[in-house]
file upload_17.csv (CSV, C-alpha atoms)
chain,number,residue,atom,x,y,z
C,2,MET,CA,45.8,92.3,246.3
C,3,ASN,CA,46.0,90.6,242.8
C,4,ILE,CA,46.5,86.8,243.1
C,5,THR,CA,47.2,85.7,239.5
C,6,ALA,CA,45.9,82.4,238.0
C,7,ASP,CA,49.5,81.4,237.3
C,8,THR,CA,50.4,81.7,241.0
C,9,VAL,CA,47.4,79.6,242.0
C,10,LYS,CA,48.3,77.0,239.4
C,11,GLN,CA,51.9,76.8,240.8
C,12,LEU,CA,50.6,76.3,244.3
C,13,ARG,CA,48.2,73.6,243.2
C,14,GLU,CA,51.0,71.8,241.5
C,15,ARG,CA,53.1,72.0,244.7
C,16,THR,CA,50.4,70.9,247.1
C,17,GLY,CA,47.8,69.0,245.1
C,18,ALA,CA,45.1,71.0,246.9
C,19,GLY,CA,42.0,72.5,245.4
C,20,MET,CA,42.0,75.9,243.6
C,21,MET,CA,39.9,77.7,246.2
C,22,GLU,CA,42.1,76.4,249.1
C,23,CYS,CA,45.2,77.6,247.2
C,24,LYS,CA,43.7,81.0,246.6
C,25,ARG,CA,42.7,81.5,250.2
C,26,ALA,CA,46.3,80.5,251.3
C,27,LEU,CA,47.8,83.0,248.9
C,28,VAL,CA,45.5,85.8,250.1
C,29,GLU,CA,46.4,85.0,253.7
C,30,THR,CA,50.1,85.1,253.0
C,31,LYS,CA,49.9,88.2,250.7
C,32,GLY,CA,50.9,86.2,247.6
C,33,ASP,CA,54.0,84.6,249.0
C,34,LEU,CA,54.1,81.2,247.3
C,35,ASP,CA,56.5,79.5,249.8
C,36,ALA,CA,54.7,80.8,252.8
C,37,ALA,CA,51.3,79.7,251.3
C,38,ALA,CA,52.7,76.2,250.7
C,39,GLU,CA,54.0,76.1,254.3
C,40,LEU,CA,50.6,77.3,255.6
C,41,MET,CA,48.7,74.7,253.7
C,42,ARG,CA,51.1,72.0,254.9
C,43,LYS,CA,50.4,73.1,258.6
C,44,GLN,CA,46.7,73.1,257.9
C,45,GLY,CA,46.9,69.7,256.4
C,46,LEU,CA,48.7,68.3,259.4
C,47,ALA,CA,45.9,69.7,261.6
C,48,LYS,CA,43.2,68.1,259.4
C,49,ALA,CA,45.0,64.8,259.5
C,50,ASP,CA,45.2,64.8,263.3
C,51,ARG,CA,41.5,65.7,263.6
C,52,LYS,CA,40.5,62.8,261.3
C,53,ALA,CA,42.8,60.2,262.8
C,54,ALA,CA,40.1,58.8,265.1
C,55,ARG,CA,37.7,58.1,262.3
C,56,VAL,CA,37.5,54.4,261.3
C,57,ALA,CA,39.3,53.6,258.0
C,58,ALA,CA,38.3,50.1,257.1
C,59,GLU,CA,38.2,50.3,253.3
C,60,GLY,CA,41.3,50.5,251.1
C,61,VAL,CA,43.6,48.4,249.0
C,62,ILE,CA,46.2,45.7,249.2
C,63,VAL,CA,49.2,46.3,247.0
C,64,ILE,CA,52.1,44.0,246.2
C,65,GLN,CA,55.5,44.9,244.6
C,66,LYS,CA,58.2,42.4,243.6
C,67,SER,CA,61.9,42.8,243.4
C,68,ALA,CA,63.7,42.7,240.0
C,69,ASP,CA,64.7,39.1,240.5
C,70,GLY,CA,61.2,38.1,241.6
C,71,ARG,CA,62.4,36.4,244.8
C,72,THR,CA,61.4,39.1,247.3
C,73,ALA,CA,58.1,41.0,247.5
C,74,ALA,CA,56.4,43.5,249.7
C,75,MET,CA,52.7,43.6,250.5
C,76,ALA,CA,51.0,46.6,252.1
C,77,GLU,CA,47.5,47.5,253.3
C,78,ILE,CA,46.5,51.1,252.9
C,79,ASN,CA,43.2,52.1,254.4
C,80,CYS,CA,40.6,54.9,253.8
C,81,GLU,CA,37.1,55.4,255.0
C,82,THR,CA,35.1,54.7,251.8
C,83,ASP,CA,35.4,52.4,248.7
C,84,PHE,CA,35.0,55.5,246.6
C,85,VAL,CA,38.3,56.9,247.8
C,86,ALA,CA,39.9,53.5,247.5
C,87,ARG,CA,39.4,53.8,243.7
C,88,GLU,CA,40.8,57.3,243.6
C,89,GLN,CA,43.9,57.8,241.5
C,90,ASP,CA,46.0,59.7,244.1
C,91,PHE,CA,45.1,57.2,246.8
C,92,ARG,CA,46.1,54.3,244.5
C,93,GLY,CA,49.3,56.0,243.6
C,94,PHE,CA,50.2,56.6,247.2
C,95,ALA,CA,49.5,52.9,248.0
C,96,GLN,CA,51.9,51.8,245.2
C,97,ALA,CA,54.5,54.1,246.5
C,98,VAL,CA,54.2,52.7,250.0
C,99,ALA,CA,54.6,49.1,248.7
C,100,GLY,CA,57.7,50.3,246.9
C,101,LYS,CA,59.2,51.8,250.0
C,102,ALA,CA,58.3,48.7,252.0
C,103,LEU,CA,60.2,46.6,249.5
C,104,ALA,CA,63.2,48.9,249.7
C,105,ALA,CA,63.2,49.0,253.5
C,106,GLY,CA,63.0,45.2,253.8
C,107,PRO,CA,61.7,43.3,256.8
C,108,GLY,CA,61.3,45.6,259.8
C,109,PRO,CA,58.9,47.9,261.7
C,110,LEU,CA,56.3,49.9,259.9
C,111,GLU,CA,57.9,53.1,261.2
C,112,ALA,CA,60.8,52.6,258.8
C,113,VAL,CA,58.4,52.6,255.9
C,114,LEU,CA,56.6,55.7,257.2
C,115,ALA,CA,59.9,57.6,257.5
C,116,ALA,CA,61.1,56.6,254.0
C,117,LYS,CA,61.5,59.5,251.5
C,118,LEU,CA,59.4,59.6,248.4
C,119,ASP,CA,60.6,61.0,245.1
C,120,SER,CA,58.9,64.2,245.9
C,121,GLY,CA,61.1,64.7,249.0
C,122,GLU,CA,58.3,64.1,251.4
C,123,THR,CA,58.3,61.1,253.8
C,124,VAL,CA,55.5,58.5,253.4
C,125,GLU,CA,53.9,59.9,256.6
C,126,GLU,CA,54.0,63.5,255.3
C,127,ARG,CA,52.4,62.4,252.1
C,128,ARG,CA,49.8,60.5,254.0
C,129,ARG,CA,48.9,63.6,256.0
C,130,ALA,CA,48.8,65.7,252.9
C,131,LEU,CA,46.4,63.2,251.3
C,132,VAL,CA,44.1,63.4,254.3
C,133,ALA,CA,43.9,67.1,253.9
C,134,LYS,CA,43.3,66.9,250.2
C,135,ILE,CA,40.8,64.0,250.1
C,136,GLY,CA,39.0,64.7,253.3
C,137,GLU,CA,39.1,61.2,254.7
C,138,ASN,CA,41.2,59.4,257.3
C,139,ILE,CA,44.0,57.5,255.5
C,140,SER,CA,46.3,55.0,257.2
C,141,VAL,CA,49.2,52.8,256.3
C,142,ARG,CA,48.0,49.9,258.4
C,143,ARG,CA,50.7,47.2,257.8
C,144,SER,CA,53.3,45.9,255.5
C,145,VAL,CA,55.3,42.7,255.2
C,146,VAL,CA,58.3,41.6,253.1
C,147,LEU,CA,58.8,38.0,252.1
C,148,SER,CA,61.7,36.3,250.4
C,149,SER,CA,62.2,32.9,248.8
C,150,GLU,CA,65.1,30.7,248.0
C,151,GLY,CA,63.0,29.3,245.1
C,152,ASN,CA,59.9,30.9,243.5
C,153,LEU,CA,57.8,33.5,245.2
C,154,GLY,CA,54.1,33.3,244.5
C,155,ALA,CA,52.1,36.6,244.6
C,156,TYR,CA,48.4,37.1,244.0
C,157,VAL,CA,46.0,40.0,244.5
C,158,HIS,CA,42.3,39.3,244.3
C,159,GLY,CA,40.8,42.6,243.0
C,160,THR,CA,42.4,45.0,245.4
C,161,ARG,CA,41.1,43.7,248.7
C,162,ILE,CA,42.9,40.4,249.3
C,163,GLY,CA,46.6,39.7,248.7
C,164,ALA,CA,48.8,36.7,249.4
C,165,LEU,CA,52.6,35.9,249.2
C,166,VAL,CA,54.0,32.4,249.3
C,167,ALA,CA,57.6,31.3,249.4
C,168,VAL,CA,58.1,27.9,247.7
C,169,LYS,CA,61.1,25.7,247.3
C,170,GLY,CA,61.3,23.2,244.4
C,171,ALA,CA,58.2,24.6,242.5
C,172,ASP,CA,57.9,26.4,239.3
C,173,ALA,CA,56.5,29.9,239.0
C,174,ALA,CA,53.1,28.6,237.9
C,175,LEU,CA,52.7,26.4,241.0
C,176,ALA,CA,53.9,29.2,243.3
C,177,HIS,CA,51.2,31.5,241.8
C,178,ASP,CA,48.5,28.8,242.2
C,179,ILE,CA,49.3,28.3,245.9
C,180,ALA,CA,49.3,32.1,246.5
C,181,MET,CA,45.8,32.2,244.8
C,182,HIS,CA,44.8,29.3,247.1
C,183,VAL,CA,46.0,31.1,250.2
C,184,ALA,CA,44.0,34.2,249.2
C,185,ALA,CA,40.9,32.2,248.6
C,186,SER,CA,41.1,29.7,251.6
C,187,ASN,CA,42.7,31.8,254.3
C,188,PRO,CA,44.7,29.2,256.1
C,189,LYS,CA,45.8,30.3,259.6
C,190,TYR,CA,48.9,28.0,259.8
C,191,ARG,CA,51.3,26.3,257.5
C,192,THR,CA,51.1,22.7,259.0
C,193,MET,CA,49.5,21.1,262.0
C,194,ALA,CA,52.8,21.3,263.8
C,195,ASP,CA,52.6,25.1,263.6
C,196,VAL,CA,49.2,25.3,265.4
C,197,PRO,CA,49.7,26.6,269.0
C,198,ALA,CA,49.1,24.1,271.8
C,199,GLU,CA,46.5,26.3,273.4
C,200,VAL,CA,44.5,26.5,270.1
C,201,ILE,CA,44.5,22.7,269.9
C,202,ALA,CA,43.5,22.3,273.6
C,203,LYS,CA,40.6,24.7,273.1
C,204,GLU,CA,39.4,22.9,270.0
C,205,ARG,CA,39.6,19.5,271.7
C,206,GLU,CA,37.6,20.9,274.6
C,207,ILE,CA,34.8,22.1,272.3
C,208,LEU,CA,34.7,18.9,270.3
C,209,THR,CA,34.7,16.8,273.5
C,210,GLU,CA,31.6,18.7,274.8
C,211,GLN,CA,29.9,18.2,271.5
C,212,ALA,CA,30.6,14.4,271.4
C,213,GLN,CA,29.6,13.9,275.0
C,214,GLY,CA,26.3,15.6,274.2
C,215,GLU,CA,25.6,12.9,271.7
C,216,GLY,CA,25.5,10.3,274.5
C,217,LYS,CA,28.4,8.1,273.2
C,218,PRO,CA,30.5,5.9,275.5
C,219,PRO,CA,33.8,7.5,276.7
C,220,GLU,CA,36.0,5.3,274.6
C,221,ILE,CA,34.0,6.2,271.5
C,222,VAL,CA,34.0,9.9,272.5
C,223,THR,CA,37.8,9.8,272.5
C,224,LYS,CA,38.1,8.4,269.0
C,225,MET,CA,35.4,10.7,267.7
C,226,VAL,CA,37.2,13.8,269.2
C,227,GLU,CA,40.6,12.9,267.7
C,228,GLY,CA,39.1,12.2,264.3
C,229,ARG,CA,37.2,15.5,264.3
C,230,LEU,CA,40.2,17.3,265.7
C,231,ARG,CA,42.4,16.2,262.7
C,232,LYS,CA,39.7,17.3,260.3
C,233,SER,CA,39.2,20.7,262.1
C,234,LEU,CA,43.0,21.4,262.1
C,235,GLY,CA,43.3,20.3,258.5
C,236,GLU,CA,40.8,23.0,257.6
C,237,ILE,CA,42.9,25.8,259.1
C,238,THR,CA,46.3,24.6,257.9
C,239,LEU,CA,47.6,25.2,254.4
C,240,LEU,CA,48.9,21.7,253.9
C,241,GLY,CA,45.6,20.1,255.1
C,242,GLN,CA,43.3,22.2,252.9
C,243,PRO,CA,41.9,20.9,249.6
C,244,PHE,CA,43.4,22.7,246.7
C,245,VAL,CA,40.9,25.3,245.3
C,246,LYS,CA,41.6,24.3,241.7
C,247,ASP,CA,41.3,20.6,242.4
C,248,PRO,CA,39.4,19.8,245.7
C,249,ASP,CA,40.2,16.1,245.4
C,250,VAL,CA,43.9,16.9,246.1
C,251,THR,CA,45.2,18.5,249.3
C,252,ILE,CA,47.9,21.1,249.2
C,253,GLU,CA,50.2,18.6,250.9
C,254,LYS,CA,49.7,16.0,248.1
C,255,LEU,CA,50.1,18.7,245.5
C,256,LEU,CA,53.4,19.8,246.9
C,257,LYS,CA,54.6,16.2,247.3
C,258,GLY,CA,53.8,15.5,243.7
C,259,ALA,CA,55.9,18.5,242.6
C,260,LYS,CA,58.6,17.7,245.2
C,261,ALA,CA,58.1,21.2,246.5
C,262,GLU,CA,57.8,22.8,249.9
C,263,VAL,CA,56.1,26.0,251.2
C,264,THR,CA,58.4,27.7,253.6
C,265,ALA,CA,56.3,30.7,254.5
C,266,PHE,CA,53.2,32.6,253.5
C,267,GLU,CA,51.4,35.9,254.3
C,268,ARG,CA,47.8,36.9,253.6
C,269,PHE,CA,46.3,40.4,254.0
C,270,GLU,CA,42.6,41.3,253.6
C,271,VAL,CA,41.4,44.9,253.6
C,272,GLY,CA,39.8,45.8,256.9
C,273,ALA,CA,40.3,42.4,258.6
C,274,GLY,CA,40.0,42.8,262.3
C,275,ILE,CA,38.9,46.5,262.1
C,276,GLU,CA,35.6,47.1,263.9
C,277,LYS,CA,33.3,49.0,261.5
C,278,LYS,CA,30.6,51.2,262.6
C,279,GLN,CA,27.2,49.6,261.8
C,280,ASP,CA,24.7,52.2,261.0
C,281,ASP,CA,21.1,51.3,261.9
C,282,PHE,CA,19.4,52.7,258.8
C,283,VAL,CA,15.8,51.8,260.0
C,284,ALA,CA,16.4,53.5,263.3
C,285,GLU,CA,17.9,56.5,261.6
C,286,VAL,CA,14.8,56.9,259.3
C,287,MET,CA,12.4,56.4,262.3
C,288,ALA,CA,14.2,59.1,264.2
C,289,GLN,CA,13.9,61.5,261.3
C,290,VAL,CA,10.1,60.7,261.0
C,291,LYS,CA,9.5,61.2,264.7
C,292,GLY,CA,11.4,64.5,264.5
C,293,ALA,CA,9.3,65.7,261.6
C,294,THR,CA,6.0,65.1,263.5
C,295,HIS,CA,6.9,67.2,266.4
call {"tool": "encode", "arguments": {"input": "upload_17.csv", "output": "C-alpha cells"}}
result
Amino acid sequence: MNITADTVKQLRERTGAGMMECKRALVETKGDLDAAAELMRKQGLAKADRKAARVAAEGVIVIQKSADGRTAAMAEINCETDFVAREQDFRGFAQAVAGKALAAGPGPLEAVLAAKLDSGETVEERRRALVAKIGENISVRRSVVLSSEGNLGAYVHGTRIGALVAVKGADAALAHDIAMHVAASNPKYRTMADVPAEVIAKEREILTEQAQGEGKPPEIVTKMVEGRLRKSLGEITLLGQPFVKDPDVTIEKLLKGAKAEVTAFERFEVGAGIEKKQDDFVAEVMAQVKGATH
C-alpha cells in the first residue's frame, strides 16, 4: 500500500501528532484519512487515561481579562516537567483554557472542560489529545473568575504565580500594585474579621503554650499572647501586611490614603498543595553501584 507524503501531512495537520504515528495509523486503516484520525483519537484517549495517575505539579498560571478590564479569569494548567511547561502547544492550550474560563464565568471547572474550542474540540478533548502528543500527564487543575465594580488588578510573576484583586476607589496602578503584593506576600485572608474562629483559637493555643514556657505570670502571659496574636494574624491578612514596595506602610494604610477598598482577591501558585515525588538521588546511585558489583 502506498501512503503518500501529502496524506501523512494532512493527518499531521488534523491531529498534531508525529509523522511516524500518522503513517502507522494510515497503514492500519488502509489509507483512510478519516478512519486514521478517529483511530489516533481513540489511541490518544487511552494514553491520556494511562497517564492520569502520574503527578503533574509543574505548569503555568494564565490570566485573561475582559474587554472592559473589570472581569478576569485565572487558570492553572499542570504538566509533569518544566520543559513541557515552556512548550508552545502547552502554552497555547493554557491560554485557550483561560479564555474559555472567562467566557464561562463563575462556576464549576466542568463547564470550562466542556467548552468548545475554535477547533471544534472541547477543552477536555484537546487536553487528552495533548497528553497523547506530548507524552506527559496534563491537567486543568483550577480556574477562577473575579469581577470588580472599580479596577481589577492582575499580575503574573513569570508563569508560576498569579493574582487577581478587585478594588473600589483605586486607580489602575494601585490595583496592579496590590495584585503584585498578593502574589509576593501570599495573604490567606483579606482582614482579621475574615479569619475563621478555629484558626484564631489554634493560634492562641500555640502562643499561650509558648508564653507559659517563658515562666511569665498569668496576667503577663495573657497580654503577651494577645499582642503576639494580633501580630501573627496581621502577617496572614492582606490589610495587616506591610506593602512590598514600601514596608513602612501596611496595605490598610495604603488603601485608606487612597480612599480605596479591596473587596476580593485570588492567588494561584503552580503546584501548591500537590505532593511531589521526591527522588532520593544518592540512594538511586548506591543501588546502581551495588547492582553493578553483583
call {"tool": "residues_near_point", "arguments": {"input": "upload_17.csv", "point": "(45.2, 45.1, 246.4)", "cutoff": "12 Å", "atoms": "all atoms listed in the file", "output": "PyMOL selection string"}}
result
chain C and resi 59-65+74-79+86-87+92-93+95-96+99+155-164+184+268-272
call {"tool": "closest_residue", "arguments": {"input": "upload_17.csv", "among": "C:Glu267, C:Ala167, C:Thr192, C:Ala212", "to": "Arg231 of chain C", "atoms": "only C-alpha atoms"}}
result
C:Thr192
call {"tool": "residues_around", "arguments": {"input": "upload_17.csv", "residues": "segment 136-143 of chain C", "least_positions_apart": "4", "cutoff": "10 Å", "atoms": "all atoms listed in the file", "output": "ChimeraX atom specification"}}
result
/C:45,48-60,62,75-82,85-86,91,94-95,98,102,109-111,113-114,124-125,128-132,269,271-272
call {"tool": "atom_distance", "arguments": {"input": "upload_17.csv", "atom1": "atom CA of Met193 of chain C", "atom2": "atom CA of Leu240 of chain C"}}
result
8.1 Å
call {"tool": "atom_distance", "arguments": {"input": "upload_17.csv", "atom1": "atom CA of Leu256 of chain C", "atom2": "atom CA of Ala185 of chain C"}}
result
17.7 Å
